[in-house]
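Enquirer: So that you have it, the file is work-v7.txt, and it contains compact mmCIF, C-alpha atoms and all ligand atoms:
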```txt
# COMPACT_ATOMS: atom_id res chain seq x y z
CA MET A 27 -17.31 170.68 -123.19
CA ASN A 28 -16.56 174.37 -123.36
CA TYR A 29 -18.31 176.48 -120.73
CA THR A 30 -18.81 180.17 -121.38
CA ILE A 31 -19.34 182.14 -118.21
CA GLN A 32 -21.38 185.28 -118.70
CA LEU A 33 -20.34 188.23 -116.58
CA GLN A 34 -22.83 190.80 -115.34
CA ARG A 35 -21.11 193.36 -113.19
CA SER A 36 -22.87 194.71 -110.14
CA SER A 37 -23.62 198.41 -110.51
CA SER A 38 -22.59 199.07 -106.91
CA SER A 39 -20.20 197.58 -104.36
CA ARG A 40 -20.49 197.00 -100.62
CA LEU A 41 -16.74 196.74 -100.27
CA ALA A 42 -16.02 200.30 -99.09
CA ALA A 43 -18.42 199.85 -96.16
CA TYR A 44 -16.96 196.49 -95.17
CA ASP A 45 -14.91 196.29 -91.96
CA PHE A 46 -12.17 193.68 -92.44
CA ASN A 47 -11.11 194.15 -88.82
CA ASN A 48 -14.46 192.98 -87.58
CA ILE A 49 -15.49 190.04 -89.72
CA LEU A 50 -18.70 188.29 -88.80
CA PHE A 51 -18.55 185.06 -90.74
CA GLY A 52 -21.35 184.19 -93.10
CA GLN A 53 -23.27 187.44 -93.18
CA ASN A 54 -21.56 189.57 -95.75
CA PRO A 55 -21.05 188.05 -99.18
CA THR A 56 -18.92 189.73 -101.82
CA ASP A 57 -20.62 191.69 -104.60
CA HIS A 58 -21.06 188.78 -107.01
CA LEU A 59 -22.39 185.25 -107.15
CA PHE A 60 -21.78 182.43 -109.59
CA SER A 61 -24.79 180.43 -110.73
CA ALA A 62 -25.51 177.70 -113.27
CA THR A 63 -28.46 175.41 -113.93
CA TYR A 64 -28.45 171.70 -114.73
CA ARG A 65 -31.22 170.97 -117.16
CA ASP A 66 -31.68 168.51 -120.04
CA GLY A 67 -28.68 166.55 -118.81
CA ARG A 68 -26.10 169.37 -118.84
CA TRP A 69 -24.92 172.43 -116.93
CA GLN A 70 -25.94 175.65 -118.65
CA ASP A 71 -26.55 179.39 -118.11
CA ALA A 72 -23.27 179.79 -116.22
CA THR A 73 -23.17 183.37 -114.99
CA VAL A 74 -21.30 185.55 -112.54
CA GLY A 75 -23.72 188.33 -111.63
CA PRO A 76 -24.62 190.62 -108.75
CA PHE A 77 -25.19 188.78 -105.47
CA GLN A 78 -28.92 188.84 -104.97
CA GLU A 79 -31.83 186.85 -103.66
CA PHE A 80 -33.70 184.58 -106.06
CA LEU A 81 -37.09 182.94 -106.29
CA ILE A 82 -37.53 179.26 -105.55
CA SER A 83 -40.70 177.21 -105.88
CA PRO A 84 -42.10 175.80 -102.62
CA LEU A 85 -42.21 172.54 -104.58
CA ALA A 86 -38.42 172.56 -105.14
CA LEU A 87 -37.11 169.15 -104.16
CA CYS A 88 -34.15 170.46 -102.10
CA LEU A 89 -36.62 171.94 -99.62
CA HIS A 90 -38.23 168.56 -99.00
CA TYR A 91 -35.83 165.67 -99.40
CA GLY A 92 -32.44 167.13 -98.67
CA GLN A 93 -30.71 166.91 -102.04
CA ASN A 94 -28.15 169.58 -101.33
CA VAL A 95 -24.40 169.38 -101.25
CA PHE A 96 -21.81 172.02 -100.50
CA GLU A 97 -18.11 172.69 -100.19
CA GLY A 98 -16.07 175.01 -98.03
CA MET A 99 -12.83 176.31 -99.47
CA LYS A 100 -10.61 179.37 -99.29
CA ALA A 101 -8.72 181.89 -101.36
CA PHE A 102 -5.69 183.66 -99.88
CA ARG A 103 -3.86 186.90 -100.62
CA MET A 104 -0.26 185.90 -101.15
CA GLU A 105 2.89 187.80 -100.18
CA ASN A 106 3.39 188.90 -103.80
CA GLY A 107 -0.19 190.22 -104.06
CA GLN A 108 -1.51 187.32 -106.15
CA ILE A 109 -4.52 185.31 -105.03
CA SER A 110 -4.31 181.57 -104.55
CA ILE A 111 -7.18 179.15 -104.12
CA PHE A 112 -6.18 176.28 -101.89
CA ARG A 113 -6.45 172.86 -103.58
CA PRO A 114 -9.57 173.41 -105.70
CA ASP A 115 -8.95 170.05 -107.42
CA LYS A 116 -9.21 168.19 -104.10
CA HIS A 117 -12.32 170.14 -103.14
CA LEU A 118 -13.88 169.32 -106.50
CA GLN A 119 -13.14 165.62 -106.01
CA ARG A 120 -14.90 165.73 -102.67
CA LEU A 121 -17.80 167.74 -104.09
CA ASN A 122 -18.27 165.16 -106.81
CA ARG A 123 -18.06 162.27 -104.34
CA SER A 124 -20.74 163.96 -102.25
CA LEU A 125 -22.87 164.62 -105.34
CA GLU A 126 -22.58 161.01 -106.46
CA ARG A 127 -23.72 159.79 -103.02
CA MET A 128 -26.71 162.13 -103.13
CA CYS A 129 -27.61 161.06 -106.66
CA MET A 130 -26.89 164.50 -108.09
CA PRO A 131 -25.03 165.47 -111.28
CA GLU A 132 -21.28 165.99 -111.07
CA VAL A 133 -19.69 169.36 -111.68
CA PRO A 134 -17.04 169.27 -114.43
CA GLN A 135 -13.58 170.58 -113.58
CA GLU A 136 -13.60 173.19 -116.32
CA LEU A 137 -16.85 174.70 -115.05
CA PHE A 138 -15.71 174.61 -111.43
CA ILE A 139 -12.35 176.26 -112.00
CA GLY A 140 -13.75 178.72 -114.53
CA ALA A 141 -16.48 179.73 -112.08
CA LEU A 142 -13.99 180.25 -109.24
CA ASP A 143 -11.56 182.20 -111.38
CA THR A 144 -14.28 184.44 -112.77
CA LEU A 145 -15.94 185.09 -109.42
CA ILE A 146 -12.70 185.78 -107.55
CA GLY A 147 -11.36 187.66 -110.56
CA ILE A 148 -14.15 190.19 -110.32
CA ASP A 149 -14.32 190.30 -106.51
CA GLU A 150 -10.57 190.15 -105.98
CA ALA A 151 -10.50 193.32 -103.85
CA TRP A 152 -12.42 191.34 -101.21
CA VAL A 153 -9.39 189.13 -100.58
CA SER A 154 -7.74 190.86 -97.63
CA ASP A 155 -4.05 190.67 -96.83
CA LEU A 156 -4.62 191.11 -93.09
CA PRO A 157 -3.03 188.26 -91.13
CA GLY A 158 -5.46 185.38 -90.62
CA ASN A 159 -7.98 186.73 -93.13
CA SER A 160 -8.99 184.95 -96.32
CA LEU A 161 -11.94 184.63 -98.65
CA TYR A 162 -14.24 181.73 -97.83
CA LEU A 163 -15.81 180.11 -100.88
CA ARG A 164 -19.04 178.21 -100.62
CA PRO A 165 -19.98 176.13 -103.66
CA LEU A 166 -23.53 174.76 -103.29
CA VAL A 167 -25.56 172.39 -105.47
CA PHE A 168 -29.23 171.79 -104.79
CA ALA A 169 -32.24 170.19 -106.46
CA SER A 170 -34.38 172.99 -107.86
CA GLU A 171 -36.92 170.96 -109.79
CA ALA A 172 -40.44 171.87 -108.64
CA ARG A 173 -42.17 168.48 -108.54
CA LEU A 174 -43.08 166.73 -105.30
CA GLY A 175 -42.57 163.02 -104.92
CA VAL A 176 -39.40 161.33 -103.74
CA HIS A 177 -37.27 160.96 -106.83
CA GLU A 178 -34.05 162.18 -108.37
CA ALA A 179 -34.51 165.74 -109.52
CA ALA A 180 -34.19 166.65 -113.18
CA GLU A 181 -33.04 170.20 -112.45
CA TYR A 182 -30.32 171.51 -110.14
CA LYS A 183 -28.68 174.82 -109.34
CA PHE A 184 -24.98 175.26 -108.75
CA LEU A 185 -23.96 178.42 -106.91
CA ILE A 186 -20.68 179.74 -105.58
CA MET A 187 -20.73 182.52 -103.04
CA ALA A 188 -17.74 184.16 -101.42
CA MET A 189 -17.27 186.02 -98.16
CA PRO A 190 -14.38 187.26 -96.02
CA ILE A 191 -13.47 185.08 -93.07
CA ALA A 192 -11.12 185.42 -90.11
CA ASN A 193 -11.46 183.07 -87.13
CA TYR A 194 -14.34 180.62 -87.12
CA TYR A 195 -13.72 179.67 -83.50
CA ASN A 196 -12.51 182.17 -80.99
CA GLY A 197 -9.25 180.59 -79.83
CA SER A 198 -9.24 177.12 -78.29
CA VAL A 199 -12.35 175.02 -77.66
CA ARG A 200 -13.81 172.78 -75.00
CA VAL A 201 -15.42 169.61 -76.35
CA LYS A 202 -17.63 166.91 -74.93
CA VAL A 203 -17.31 163.32 -76.14
CA GLU A 204 -20.75 162.51 -77.52
CA THR A 205 -21.93 159.06 -76.49
CA ARG A 206 -25.66 159.38 -77.00
CA TYR A 207 -26.30 160.97 -80.40
CA THR A 208 -24.83 159.67 -83.64
CA ARG A 209 -23.56 161.84 -86.46
CA ALA A 210 -23.15 159.16 -89.13
CA ALA A 211 -23.58 155.43 -89.53
CA GLU A 212 -21.66 152.93 -91.65
CA GLY A 213 -23.14 152.77 -95.11
CA GLY A 214 -24.70 156.20 -94.68
CA ALA A 215 -23.56 159.51 -96.12
CA GLY A 216 -21.39 160.84 -93.28
CA PHE A 217 -18.45 161.35 -95.64
CA ALA A 218 -20.51 163.58 -97.92
CA LYS A 219 -20.67 167.31 -97.38
CA HIS A 220 -24.42 167.58 -97.53
CA GLY A 221 -26.79 169.54 -95.33
CA GLY A 222 -28.19 166.37 -93.76
CA ASN A 223 -24.96 165.91 -91.84
CA TYR A 224 -25.21 169.32 -90.22
CA GLY A 225 -28.86 169.82 -89.26
CA PRO A 226 -29.02 166.78 -86.93
CA ALA A 227 -25.84 167.95 -85.21
CA LEU A 228 -27.49 171.12 -83.97
CA LEU A 229 -29.41 169.60 -81.07
CA PRO A 230 -26.48 167.65 -79.57
CA THR A 231 -24.34 170.77 -80.01
CA ARG A 232 -26.94 172.93 -78.30
CA LEU A 233 -27.06 170.48 -75.39
CA ALA A 234 -23.26 170.47 -75.15
CA LYS A 235 -23.27 174.27 -75.19
CA GLN A 236 -25.78 174.31 -72.37
CA GLU A 237 -23.16 172.40 -70.37
CA GLY A 238 -20.56 175.01 -71.24
CA PHE A 239 -18.81 173.26 -74.14
CA ASP A 240 -18.16 174.67 -77.58
CA GLN A 241 -18.61 171.49 -79.59
CA VAL A 242 -19.18 167.77 -79.41
CA LEU A 243 -16.54 165.20 -80.22
CA TRP A 244 -18.42 162.60 -82.25
CA THR A 245 -17.92 158.91 -81.69
CA ASP A 246 -18.82 155.99 -83.95
CA GLY A 247 -22.51 155.18 -84.18
CA LYS A 248 -22.11 151.49 -83.30
CA THR A 249 -20.16 151.47 -80.05
CA HIS A 250 -19.83 155.18 -79.23
CA THR A 251 -16.23 154.62 -78.21
CA PHE A 252 -14.11 155.53 -81.24
CA ILE A 253 -13.55 159.18 -81.96
CA GLU A 254 -14.61 160.40 -85.38
CA GLU A 255 -14.63 164.18 -85.82
CA SER A 256 -15.81 167.33 -84.11
CA GLY A 257 -18.42 169.88 -85.11
CA THR A 258 -17.02 171.46 -88.21
CA MET A 259 -13.55 169.94 -88.21
CA ASN A 260 -11.45 166.78 -88.30
CA VAL A 261 -9.57 166.03 -85.11
CA MET A 262 -5.96 165.10 -84.40
CA PHE A 263 -4.07 164.13 -81.28
CA VAL A 264 -0.37 164.18 -80.52
CA ILE A 265 0.40 161.59 -77.88
CA ASP A 266 4.03 161.48 -76.79
CA GLY A 267 5.07 162.93 -80.15
CA THR A 268 2.97 160.67 -82.41
CA LEU A 269 0.34 162.37 -84.53
CA ILE A 270 -2.82 160.27 -84.46
CA THR A 271 -6.06 160.86 -86.35
CA PRO A 272 -9.07 158.65 -87.10
CA PRO A 273 -8.84 156.98 -90.52
CA LEU A 274 -11.12 158.04 -93.35
CA THR A 275 -14.24 155.91 -93.45
CA ASP A 276 -17.71 156.51 -94.83
CA THR A 277 -18.61 158.22 -91.56
CA ILE A 278 -15.87 160.86 -91.59
CA LEU A 279 -15.43 163.91 -93.77
CA ASP A 280 -12.31 163.73 -95.94
CA GLY A 281 -10.89 167.07 -94.86
CA VAL A 282 -8.61 168.86 -97.32
CA ASN A 283 -6.68 170.52 -94.50
CA ARG A 284 -6.52 167.18 -92.70
CA ASP A 285 -4.77 165.73 -95.71
CA ALA A 286 -2.43 168.74 -95.95
CA ILE A 287 -1.38 168.52 -92.29
CA LEU A 288 -0.73 164.78 -92.58
CA THR A 289 1.31 165.35 -95.75
CA ILE A 290 3.49 168.01 -94.10
CA ALA A 291 3.92 165.91 -90.95
CA ARG A 292 4.99 162.86 -92.98
CA GLU A 293 7.42 164.92 -95.02
CA ARG A 294 9.02 166.06 -91.76
CA GLY A 295 9.47 162.41 -90.82
CA LEU A 296 7.14 162.64 -87.84
CA PRO A 297 5.39 159.49 -86.67
CA VAL A 298 1.86 159.65 -88.11
CA GLU A 299 -0.88 157.12 -87.46
CA GLU A 300 -4.24 157.12 -89.20
CA ARG A 301 -6.05 154.65 -87.04
CA ALA A 302 -9.06 154.17 -84.83
CA ILE A 303 -8.64 155.90 -81.49
CA ALA A 304 -11.00 155.19 -78.62
CA TYR A 305 -11.71 157.82 -76.00
CA THR A 306 -10.49 155.29 -73.45
CA GLU A 307 -7.05 155.46 -75.05
CA LEU A 308 -7.07 159.20 -74.48
CA GLU A 309 -8.14 158.71 -70.89
CA GLU A 310 -5.29 156.24 -70.38
CA ALA A 311 -2.80 158.65 -71.89
CA PHE A 312 -3.89 161.42 -69.52
CA LYS A 313 -3.90 159.08 -66.53
CA ASN A 314 -0.37 157.90 -67.40
CA ASN A 315 0.84 161.49 -67.66
CA LYS A 316 1.72 161.19 -71.33
CA SER A 317 1.96 164.45 -73.21
CA VAL A 318 -1.31 164.98 -75.05
CA GLU A 319 -2.14 167.64 -77.58
CA ALA A 320 -5.52 167.77 -79.32
CA PHE A 321 -6.74 170.00 -82.10
CA GLY A 322 -9.28 170.41 -84.83
CA ILE A 323 -8.40 171.00 -88.46
CA GLY A 324 -10.77 172.30 -91.09
CA THR A 325 -11.20 174.86 -93.82
CA ALA A 326 -13.23 177.27 -91.71
CA ALA A 327 -11.79 176.18 -88.36
CA VAL A 328 -8.20 176.17 -89.72
CA PHE A 329 -6.22 174.98 -86.65
CA THR A 330 -8.25 175.07 -83.45
CA PRO A 331 -6.62 173.77 -80.25
CA ILE A 332 -8.81 171.70 -77.95
CA ARG A 333 -8.17 172.70 -74.35
CA GLU A 334 -10.65 170.41 -72.63
CA ILE A 335 -12.12 167.01 -73.46
CA ALA A 336 -14.98 165.81 -71.28
CA VAL A 337 -15.60 162.06 -71.18
CA LEU A 338 -18.80 161.04 -69.41
CA GLY A 339 -18.49 163.84 -66.88
CA THR A 340 -14.73 163.75 -66.35
CA SER A 341 -12.62 166.44 -67.96
CA TYR A 342 -9.11 166.08 -69.33
CA TYR A 343 -6.89 168.95 -70.38
CA PRO A 344 -4.63 168.60 -73.42
CA SER A 345 -1.69 170.96 -73.49
CA VAL A 346 -2.22 174.12 -75.49
CA GLN A 347 1.00 175.92 -76.35
CA GLU A 348 2.03 178.31 -79.04
CA LYS A 349 4.89 176.00 -80.00
CA SER A 350 2.79 172.83 -80.10
CA LEU A 351 3.22 170.47 -83.02
CA GLY A 352 -0.25 171.22 -84.37
CA ALA A 353 0.40 174.96 -84.30
CA GLU A 354 3.75 174.45 -85.99
CA LEU A 355 2.30 172.30 -88.81
CA SER A 356 -0.57 174.69 -89.29
CA ARG A 357 1.84 177.65 -89.54
CA GLU A 358 3.71 175.85 -92.29
CA LEU A 359 0.46 175.14 -94.11
CA ASN A 360 -0.44 178.79 -93.90
CA ASN A 361 3.00 179.82 -95.14
CA ILE A 362 2.56 177.61 -98.18
CA ARG A 363 -0.83 179.04 -99.09
CA THR A 364 0.29 182.63 -98.69
CA GLY A 365 3.53 182.13 -100.62
CA LYS A 366 5.89 182.56 -97.64
CA GLN A 367 7.15 179.03 -98.25
CA SER A 368 7.41 177.27 -101.58
CA ASP A 369 4.35 175.44 -102.84
CA ARG A 370 6.20 172.16 -103.23
CA TYR A 371 3.02 170.10 -103.41
CA GLY A 372 1.33 172.21 -106.11
CA TRP A 373 -1.57 173.09 -103.79
CA ASN A 374 -2.05 176.71 -104.81
CA HIS A 375 -4.20 177.57 -107.81
CA ILE A 376 -3.27 181.12 -108.77
CA VAL A 377 -6.21 183.20 -109.96
CA GLN A 378 -5.50 184.97 -113.23
CA VAL A 379 -7.41 188.07 -112.24
CA THR A 380 -7.32 190.30 -115.31
CA LYS A 381 -7.18 187.59 -117.93
CA LYS A 382 -10.21 185.71 -116.65
CA ALA A 383 -12.34 188.79 -116.21
CA GLU A 384 -11.58 189.85 -119.77
CA ILE A 385 -12.40 186.44 -121.21
CA ALA A 386 -15.68 186.32 -119.37
CA GLU A 387 -16.80 189.70 -120.60
C1 LIG B 1 -15.70 174.16 -93.64
O1 LIG B 1 -14.73 174.09 -92.90
O2 LIG B 1 -15.65 174.54 -94.79
C2 LIG B 1 -16.98 173.79 -93.19
O3 LIG B 1 -17.64 173.15 -93.92
C3 LIG B 1 -17.45 174.30 -91.96
C4 LIG B 1 -18.72 174.98 -92.22
C5 LIG B 1 -19.86 174.06 -92.11
C6 LIG B 1 -18.84 176.29 -91.57
```
For the file at hand, write its structure as structure tokens.

Expert:
Amino acid sequence: MNYTIQLQRSSSSRLAAYDFNNILFGQNPTDHLFSATYRDGRWQDATVGPFQEFLISPLALCLHYGQNVFEGMKAFRMENGQISIFRPDKHLQRLNRSLERMCMPEVPQELFIGALDTLIGIDEAWVSDLPGNSLYLRPLVFASEARLGVHEAAEYKFLIMAMPIANYYNGSVRVKVETRYTRAAEGGAGFAKHGGNYGPALLPTRLAKQEGFDQVLWTDGKTHTFIEESGTMNVMFVIDGTLITPPLTDTILDGVNRDAILTIARERGLPVEERAIAYTELEEAFKNNKSVEAFGIGTAAVFTPIREIAVLGTSYYPSVQEKSLGAELSRELNNIRTGKQSDRYGWNHIVQVTKKAEIAE
């Protein structure tokens, strides 16, 4: 199907007043927003228009039964001035897996890529070239049909908003292994990027913060011994030189950066193990004086070293060094997305700024 994306330019811009040296994530969207509506079995009314609030019926199903799914992805300013979106195909795959799990209509590739190109094409000046800065992209699909009763909605909205981002976490983090609350259960929807995986995490996170931690380190819901992921990121450990990360299951988010780091590590010939890792194994490693590095990997979190892991009241301290393996792999990943190193995996989607804007108008 051919999707035409209407373009309505904003009559004013907030860009000149924006301080790229003081980015507060999530508060300042770019000037435009992509939106489309799913009705009568197809996506329609695809538009990039001024970012603005919109009306929603109190009866809208997303407000009641949680049919909402989102993505988190990034666009980067490259060395040569072009803009690349990092692995939109992989993000779309995950979006569609999440949508399928939540009984929501899939987003076709042509619409997804066209929407991103058009939105970033018109807001391209918001993609900063300052080190560590990028443009965060938040695709969101939610049930907009106004009809109470627990059922699949007949109408959905698909939005993409964009906003500058620098660091999500401020340096390294302290985490607490969570052995009471459960993030996701087997057979559930833990792998899906839907709001229902984030709301219930707030209370355990608040409790961990009250104890001085930044995040919880989730464990499996059955035994609370195997590590799954942390807050907003996948986790990895380097124990005596071997990179270890929990395997993808239906309780773990299939991180796009997780996959990228594993790919780069394997290409370098490093020992990589995707396998279950119990917190007791970590404890043993620390007790036996093995070298232990721990870090989180995510779109927003990028590479976030973990400097403390608390297990049932006892704290362990992974090494945090500028030359750590995680930092090294993450630097290479960043070099690929900004064009400093060749894109040998074909991860960068280059936005055709002028061409797309012209087509859309
Ligand atoms: C992301 O890394 O894109 C995330 O989804 C984290 C977000 C919930 C802030």

Enquirer: Using all atoms listed in the file, can you tell me which of A:Ala43, A:Ala172, A:Met262, A:Leu145 comes closest to Pro84 (chain A)?

Expert: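 Looking at the shortest contact to Pro84 (chain A), the residue is A:Ala172.
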
Enquirer: In terms of the shortest atom-to-atom distance over only C-alpha atoms and all ligand atoms, which of A:Phe46, A:Tyr224, A:Tyr371, A:Tyr207 is closest to ligand LIG 1 (chain B)?

Expert: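 Selected residue with least distance to ligand LIG 1 (chain B): A:Tyr224.
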
Enquirer: One number please: CA of Thr340 (chain A) to CA of Phe252 (chain A), in Å, one decimal.

Expert: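 Spanning CA of Thr340 (chain A) to CA of Phe252 (chain A) is a straight-line distance of 17.0 Å.
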
Enquirer: Using only C-alpha atoms and all ligand atoms, determine which residues fall within 7 Å of ligand LIG 1 (chain B), then list them as a list in words.

Expert: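 Residues lying within 7 Å of ligand LIG 1 (chain B): Glu97, Gly98, Met99, Thr258, Met259, Gly324, Thr325, Ala326 and Ala327 of chain A.
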
Enquirer: So that I have them on file, write out the residues from the current selection with C-alpha atoms, as a CSV table (one decimal), keeping the file's coordinate frame.

Expert:
```
chain,number,residue,atom,x,y,z
A,97,GLU,CA,-18.1,172.7,-100.2
A,98,GLY,CA,-16.1,175.0,-98.0
A,99,MET,CA,-12.8,176.3,-99.5
A,258,THR,CA,-17.0,171.5,-88.2
A,259,MET,CA,-13.6,169.9,-88.2
A,324,GLY,CA,-10.8,172.3,-91.1
A,325,THR,CA,-11.2,174.9,-93.8
A,326,ALA,CA,-13.2,177.3,-91.7
A,327,ALA,CA,-11.8,176.2,-88.4
```

Enquirer: Which residues come within 9 Å of region 357-359 of chain A, counting all atoms listed in the file, excluding same-chain residues fewer than 5 positions away, as an NGL selection string?

Expert: :A and (283 or 286-287 or 290 or 329 or 352 or 364 or 366-367)

Enquirer: Name the closest residue to Gly213 (chain A) among the candidates A:Ile139, A:Ile278, A:Val95, A:Leu308; distances are taken between atoms, counting only C-alpha atoms.

Expert: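 Answer, going by the shortest atom-to-atom distance: A:Ile278.
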
Enquirer: Taking 5 positions as the minimum chain separation for residues in the same chain, which residues sit within 12 Å of Leu85 (chain A) when counting all atoms listed in the file? Answer as an mmCIF file with C-alpha atoms, in the frame of the given file.

Expert:
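Writing the result to out.cif gives the following:
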```cif
data_model
loop_
_atom_site.group_PDB
_atom_site.id
_atom_site.type_symbol
_atom_site.label_atom_id
_atom_site.label_comp_id
_atom_site.auth_asym_id
_atom_site.auth_seq_id
_atom_site.Cartn_x
_atom_site.Cartn_y
_atom_site.Cartn_z
ATOM 1 C CA HIS A 90 -38.230 168.560 -99.000
ATOM 2 C CA TYR A 91 -35.830 165.670 -99.400
ATOM 3 C CA ALA A 169 -32.240 170.190 -106.460
ATOM 4 C CA SER A 170 -34.380 172.990 -107.860
ATOM 5 C CA GLU A 171 -36.920 170.960 -109.790
ATOM 6 C CA ALA A 172 -40.440 171.870 -108.640
ATOM 7 C CA ARG A 173 -42.170 168.480 -108.540
ATOM 8 C CA LEU A 174 -43.080 166.730 -105.300
ATOM 9 C CA GLY A 175 -42.570 163.020 -104.920
ATOM 10 C CA VAL A 176 -39.400 161.330 -103.740
ATOM 11 C CA ALA A 179 -34.510 165.740 -109.520
#
```

Enquirer: So which residues touch Ile270 (chain A) within 10 Å, counting only C-alpha atoms, skipping near sequence neighbours fewer than 3 positions away, as a PyMOL selection string?

Expert: chain A and resi 261-265+267+273+288+297-303+320

Enquirer: Go ahead and save the picked residues with C-alpha atoms, as an mmCIF file, in the coordinates of the input.

Expert:
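Produced file out-v6.cif, reproduced below:
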```cif
data_model
loop_
_atom_site.group_PDB
_atom_site.id
_atom_site.type_symbol
_atom_site.label_atom_id
_atom_site.label_comp_id
_atom_site.auth_asym_id
_atom_site.auth_seq_id
_atom_site.Cartn_x
_atom_site.Cartn_y
_atom_site.Cartn_z
ATOM 1 C CA VAL A 261 -9.570 166.030 -85.110
ATOM 2 C CA MET A 262 -5.960 165.100 -84.400
ATOM 3 C CA PHE A 263 -4.070 164.130 -81.280
ATOM 4 C CA VAL A 264 -0.370 164.180 -80.520
ATOM 5 C CA ILE A 265 0.400 161.590 -77.880
ATOM 6 C CA GLY A 267 5.070 162.930 -80.150
ATOM 7 C CA PRO A 273 -8.840 156.980 -90.520
ATOM 8 C CA LEU A 288 -0.730 164.780 -92.580
ATOM 9 C CA PRO A 297 5.390 159.490 -86.670
ATOM 10 C CA VAL A 298 1.860 159.650 -88.110
ATOM 11 C CA GLU A 299 -0.880 157.120 -87.460
ATOM 12 C CA GLU A 300 -4.240 157.120 -89.200
ATOM 13 C CA ARG A 301 -6.050 154.650 -87.040
ATOM 14 C CA ALA A 302 -9.060 154.170 -84.830
ATOM 15 C CA ILE A 303 -8.640 155.900 -81.490
ATOM 16 C CA ALA A 320 -5.520 167.770 -79.320
#
```

Enquirer: For a test of reading the model, state the distance in Å between CA of Asp266 (chain A) and CA of Val346 (chain A), rounded to one decimal.

Expert: 14.2 Å

Enquirer: Find the residue from A:Pro344, A:Pro76, A:Pro272, A:Gly67 that sits nearest to Ala180 (chain A); use all atoms listed in the file when measuring.

Expert: A:Gly67

Enquirer: Any idea what's packed within 9 Å of region 35-38 of chain A, counting all atoms listed in the file, ignoring anything in its chain fewer than 6 positions away? Could you give it as a ChimeraX atom specification?

Expert: /A:57-58,74-77,148

Enquirer: Between A:Val167, A:Met128, A:Leu161, A:Ile376, which has the minimum distance to Ile49 (chain A) (counting only C-alpha atoms)?

Expert: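 The shortest atom-to-atom distance to Ile49 (chain A) comes from A:Leu161.
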
Enquirer: Could you list, as an MDAnalysis selection string, every residue within 9 Å of Arg363 (chain A), counting only C-alpha atoms and ignoring same-chain residues fewer than 5 positions away?

Expert: chainID A and resid 101:104 110:112 358 368:369 373:374

Enquirer: Considering all atoms listed in the file, can you say which of A:Leu41, A:Leu125, A:Leu166, A:Ile191 comes closest to Phe60 (chain A)?

Expert: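 The answer is A:Leu166, which sits nearest to Phe60 (chain A).
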
Enquirer: How far is it from CA of Phe96 (chain A) to CA of Leu121 (chain A), in Å with one decimal?

Expert: 6.9 Å

Enquirer: What would region 219-227 of chain A look like with N, CA, C and O atoms restored, written as a CSV table (one decimal), in the coordinates of the input?

Expert:
```csv
chain,number,residue,atom,x,y,z
A,219,LYS,N,-20.4,166.0,-98.0
A,219,LYS,CA,-20.7,167.3,-97.4
A,219,LYS,C,-22.1,167.7,-97.8
A,219,LYS,O,-22.2,168.5,-98.8
A,220,HIS,N,-23.0,167.2,-97.2
A,220,HIS,CA,-24.4,167.6,-97.5
A,220,HIS,C,-25.1,168.1,-96.3
A,220,HIS,O,-24.7,167.7,-95.1
A,221,GLY,N,-26.1,168.9,-96.5
A,221,GLY,CA,-26.8,169.5,-95.3
A,221,GLY,C,-27.3,168.6,-94.3
A,221,GLY,O,-27.3,168.9,-93.1
A,222,GLY,N,-27.7,167.4,-94.7
A,222,GLY,CA,-28.2,166.4,-93.8
A,222,GLY,C,-27.2,165.9,-92.7
A,222,GLY,O,-27.6,165.3,-91.7
A,223,ASN,N,-25.9,166.2,-92.9
A,223,ASN,CA,-25.0,165.9,-91.8
A,223,ASN,C,-24.8,167.0,-90.8
A,223,ASN,O,-24.1,166.9,-89.8
A,224,TYR,N,-25.4,168.2,-91.1
A,224,TYR,CA,-25.2,169.3,-90.2
A,224,TYR,C,-26.4,169.6,-89.4
A,224,TYR,O,-26.3,169.9,-88.2
A,225,GLY,N,-27.6,169.5,-90.0
A,225,GLY,CA,-28.9,169.8,-89.3
A,225,GLY,C,-29.0,169.0,-88.0
A,225,GLY,O,-29.2,169.5,-86.9
A,226,PRO,N,-28.8,167.6,-88.1
A,226,PRO,CA,-29.0,166.8,-86.9
A,226,PRO,C,-28.0,167.0,-85.9
A,226,PRO,O,-28.1,166.5,-84.7
A,227,ALA,N,-26.9,167.7,-86.2
A,227,ALA,CA,-25.8,168.0,-85.2
A,227,ALA,C,-26.2,169.1,-84.3
A,227,ALA,O,-25.6,169.4,-83.3
```
